[in-house]
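Data block below; observations after.
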Amino acid sequence: MGKFWIYGILAAVGWLGSVEKGSAQDSKLPHPFMWKSFNNPGYSGFEGLMNVNVGMRRAFWSKPLDFRSYFVSADYPFREQRSLGLGGISLFYQRDQEKSLMYVTNSLGLSLSTRIKVSRSTVLQFGIQPMLYLKSLDPNRVRLGDQYDPYYGLVLQVSPELIEFYTDHVTLFDMAAGIYGRTDFNTGFKGVSSLEYGFSVYHIIESTQSFLSEHGSVSSEENLLYRRYSGYLSYTHPFPIGYELQTTLSPYLMMDMQSVMKNIQFGVAWEEERIGMFGLGFRSDQYKGLSIGTLLLSLGVNIMRSSEQGWKLGYTFEVPAHQGTMYKNTSHSLSLHWYYKHTPQRCVARFDNRLPAGSGGRGARGKRTRTFRY
């Protein structure tokens, strides 16, 4: 039973501060393969798609805790001519809300990327993202001794510093940066495969954040918005089934490190280009020797899709592998994406050089359409 009590104490999500150095982890959507600019400023405008994305994630934890995140972004890719080497520009807004405290973080960012053609089949983009954070809470809901850790929640440590509050809102500025790249491979008459890779750093400035009194408060000095390092790697390979089903298979790996917290997520996504996708993954969250595994099931549906534009709906269901604790509660993420091929030469179709129906024969396989469109 003692083990379950430890998990129960650590099993909520939120953050306020701690007598020790405060730590925090950013709230993120768990399907990175459907919203790649979400985790890397360098991806802005990468695919040549002008798009708008909205999303929501809700974690059903124990009452009265209820954690919700809302996400909105808009991406605009620059055309090749007169772009001065720029890739694209993105606007991003995120709202994290914890209801038992009414602790709210509003984030607003602007990403700008630059594009480098390394070779005929390889492109890299570098991006920066200045961010403005507006944090607020309701002091009337805070009780002495309630300490909140950002990912694992309620930690009961007596803190006399919580007696006096200096303010109920904090405004701070920070920066993020990232690099994202892709290398395409010609897979013969079946289509085009690609290797994608990215690395990003958030909270470069590591701004100081605290709601506590500035008079003699150690927490006010040490409670930083800790730097987050994120790496992403995926490989996409086309698997045409006959002449009707055009499918791709994409294993992926994503790693995050933020202060004492580490996350490793890996899985595979299968996509049929006209219908949608299905993904299965696993995430390991590690915190000071505690490791919790979570299974992820992702679904995507294409809506009103055409050759130039369309809509995509994505959903991820998360269920922890550790049962019998407060952490057993599930989480749900939903996102909606609209896209338009604003810069078609960047949109590499997975089946560009696939044989047309009825062509047959080995001799016809040498007649391929242009594969790389950088």
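Chain lettering (A, B, ...) mirrors the order of the structure tokens, residue numbering begins at 1 for each chain separately, and ligand numbering begins at 1 in order of display.
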Contacts of Pro238 in chain A at 7 Å (only C-alpha atoms; same-chain gap of 3+ positions) as a list of chain:residue names: A:Lys190, A:Gly191, A:Val192, A:Ser193, A:Thr247, A:Thr248, A:Leu249, A:Arg350
Output N, CA and C atoms of each residue in that selection to a file, as a PDB file, in the first residue's frame.
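Generated file (result.pdb):
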```pdb
ATOM      1  N   LYS A 190       7.803   2.300 -56.691  1.00  0.00           N
ATOM      2  CA  LYS A 190       6.783   2.332 -55.649  1.00  0.00           C
ATOM      3  C   LYS A 190       6.490   3.735 -55.137  1.00  0.00           C
ATOM      4  N   GLY A 191       7.440   4.625 -55.186  1.00  0.00           N
ATOM      5  CA  GLY A 191       7.193   5.974 -54.698  1.00  0.00           C
ATOM      6  C   GLY A 191       8.413   6.603 -54.072  1.00  0.00           C
ATOM      7  N   VAL A 192       8.194   7.494 -53.112  1.00  0.00           N
ATOM      8  CA  VAL A 192       9.243   8.262 -52.459  1.00  0.00           C
ATOM      9  C   VAL A 192       9.179   8.038 -50.950  1.00  0.00           C
ATOM     10  N   SER A 193      10.293   7.652 -50.357  1.00  0.00           N
ATOM     11  CA  SER A 193      10.384   7.546 -48.909  1.00  0.00           C
ATOM     12  C   SER A 193      11.211   8.720 -48.390  1.00  0.00           C
ATOM     13  N   THR A 247      -0.687   3.649 -49.376  1.00  0.00           N
ATOM     14  CA  THR A 247      -0.437   3.722 -47.941  1.00  0.00           C
ATOM     15  C   THR A 247       1.034   4.008 -47.650  1.00  0.00           C
ATOM     16  N   THR A 248       1.295   4.559 -46.456  1.00  0.00           N
ATOM     17  CA  THR A 248       2.652   4.770 -45.976  1.00  0.00           C
ATOM     18  C   THR A 248       2.745   4.262 -44.542  1.00  0.00           C
ATOM     19  N   LEU A 249       3.938   3.843 -44.162  1.00  0.00           N
ATOM     20  CA  LEU A 249       4.209   3.387 -42.813  1.00  0.00           C
ATOM     21  C   LEU A 249       5.331   4.240 -42.237  1.00  0.00           C
ATOM     22  N   ARG A 350       4.127  11.114 -51.861  1.00  0.00           N
ATOM     23  CA  ARG A 350       4.800   9.852 -51.573  1.00  0.00           C
ATOM     24  C   ARG A 350       4.798   8.910 -52.765  1.00  0.00           C
TER      25      ARG A 350
END
```
Which of range 17-131 of chain A DSSP labels strand (DSSP E), written as a PyMOL selection string: chain A and resi 49-59+67-77+86-98+103-117+122-131
Pick from A:Phe189, A:Gly231, A:Met257, A:Phe199, whichever lies nearest to Tyr287 in chain A using only C-alpha atoms: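 Going through A:Phe189, A:Gly231, A:Met257, A:Phe199 one by one, the smallest distance to Tyr287 in chain A is for A:Met257.
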Residues flagged alpha helix (DSSP H) by DSSP in range 200-291 of chain A, as a PyMOL selection string: chain A and resi 218-222
Okay, now the selection with N, CA and C atoms, as a compact mmCIF listing (two decimals), in the first residue's frame?
```txt
# COMPACT_ATOMS: atom_id res chain seq x y z
N VAL A 218 13.23 32.42 -1.33
CA VAL A 218 14.17 31.63 -2.12
C VAL A 218 13.50 31.10 -3.37
N SER A 219 12.23 30.70 -3.26
CA SER A 219 11.51 30.15 -4.42
C SER A 219 11.41 31.19 -5.53
N SER A 220 11.26 32.47 -5.18
CA SER A 220 11.13 33.50 -6.20
C SER A 220 12.39 33.59 -7.05
N GLU A 221 13.54 33.29 -6.44
CA GLU A 221 14.80 33.39 -7.15
C GLU A 221 15.11 32.14 -7.97
N GLU A 222 14.65 30.98 -7.51
CA GLU A 222 15.05 29.73 -8.13
C GLU A 222 13.99 29.11 -9.01
```
Shell around Pro77 in chain A at 12 Å using only C-alpha atoms, local window under 6 positions removed, as a ChimeraX atom specification: /A:42-51,83,85-90,111-115,125,339-347
Output N, CA and C atoms of each residue in that selection to a file, as a compact mmCIF listing (two decimals), in the first residue's frame.
```txt
# COMPACT_ATOMS: atom_id res chain seq x y z
N GLY A 42 11.49 25.42 -36.39
CA GLY A 42 12.12 25.27 -37.69
C GLY A 42 11.23 24.65 -38.74
N TYR A 43 10.09 24.07 -38.33
CA TYR A 43 9.19 23.42 -39.29
C TYR A 43 8.27 24.41 -39.99
N SER A 44 8.21 25.65 -39.56
CA SER A 44 7.26 26.63 -40.12
C SER A 44 7.44 26.76 -41.63
N GLY A 45 6.39 26.45 -42.38
CA GLY A 45 6.44 26.54 -43.83
C GLY A 45 7.19 25.44 -44.52
N PHE A 46 7.58 24.39 -43.81
CA PHE A 46 8.45 23.36 -44.38
C PHE A 46 7.80 22.64 -45.56
N GLU A 47 6.56 22.22 -45.40
CA GLU A 47 5.88 21.42 -46.43
C GLU A 47 5.29 22.27 -47.55
N GLY A 48 5.34 23.60 -47.43
CA GLY A 48 4.70 24.45 -48.43
C GLY A 48 3.21 24.53 -48.27
N LEU A 49 2.71 24.16 -47.10
CA LEU A 49 1.28 24.16 -46.82
C LEU A 49 0.90 25.37 -45.97
N MET A 50 -0.09 26.11 -46.41
CA MET A 50 -0.68 27.13 -45.58
C MET A 50 -1.78 26.45 -44.78
N ASN A 51 -1.70 26.54 -43.45
CA ASN A 51 -2.66 25.77 -42.67
C ASN A 51 -3.03 26.48 -41.38
N SER A 83 11.87 35.21 -51.66
CA SER A 83 11.65 34.87 -50.26
C SER A 83 12.85 35.20 -49.39
N GLY A 85 15.40 33.52 -48.88
CA GLY A 85 15.83 32.33 -48.15
C GLY A 85 14.95 31.96 -46.98
N LEU A 86 13.81 32.62 -46.80
CA LEU A 86 12.92 32.32 -45.70
C LEU A 86 12.04 31.11 -46.04
N GLY A 87 11.70 30.34 -45.00
CA GLY A 87 10.85 29.18 -45.20
C GLY A 87 9.39 29.47 -44.94
N GLY A 88 9.09 30.06 -43.79
CA GLY A 88 7.70 30.35 -43.46
C GLY A 88 7.60 31.10 -42.14
N ILE A 89 6.38 31.44 -41.80
CA ILE A 89 6.10 32.16 -40.56
C ILE A 89 4.87 31.52 -39.91
N SER A 90 4.86 31.45 -38.58
CA SER A 90 3.77 30.80 -37.86
C SER A 90 3.39 31.61 -36.63
N SER A 111 6.84 32.33 -34.93
CA SER A 111 7.99 31.60 -35.47
C SER A 111 8.35 32.12 -36.86
N LEU A 112 9.64 32.18 -37.12
CA LEU A 112 10.15 32.57 -38.44
C LEU A 112 11.29 31.62 -38.79
N SER A 113 11.24 31.04 -39.99
CA SER A 113 12.23 30.04 -40.38
C SER A 113 12.96 30.47 -41.64
N THR A 114 14.17 29.97 -41.78
CA THR A 114 14.97 30.16 -42.99
C THR A 114 15.29 28.80 -43.59
N ARG A 115 15.38 28.74 -44.91
CA ARG A 115 15.42 27.47 -45.64
C ARG A 115 16.74 27.33 -46.41
N GLN A 125 15.76 23.52 -42.38
CA GLN A 125 15.19 24.80 -42.00
C GLN A 125 15.56 25.12 -40.56
N TYR A 339 -5.53 22.64 -44.44
CA TYR A 339 -4.30 22.91 -45.17
C TYR A 339 -4.61 23.26 -46.63
N TYR A 340 -3.72 24.05 -47.21
CA TYR A 340 -3.82 24.45 -48.60
C TYR A 340 -2.42 24.46 -49.20
N LYS A 341 -2.25 23.89 -50.38
CA LYS A 341 -0.93 23.80 -51.01
C LYS A 341 -0.56 25.16 -51.62
N HIS A 342 -0.02 26.02 -50.77
CA HIS A 342 0.34 27.36 -51.21
C HIS A 342 1.61 27.36 -52.04
N THR A 343 2.53 26.47 -51.72
CA THR A 343 3.79 26.34 -52.46
C THR A 343 3.93 24.90 -52.93
N PRO A 344 3.31 24.52 -54.05
CA PRO A 344 3.23 23.11 -54.46
C PRO A 344 4.57 22.45 -54.68
N GLN A 345 5.60 23.23 -55.10
CA GLN A 345 6.88 22.59 -55.39
C GLN A 345 7.54 21.98 -54.16
N ARG A 346 7.10 22.37 -52.97
CA ARG A 346 7.64 21.78 -51.75
C ARG A 346 6.88 20.53 -51.32
N CYS A 347 5.70 20.31 -51.84
CA CYS A 347 4.84 19.21 -51.41
C CYS A 347 5.23 17.94 -52.17
```
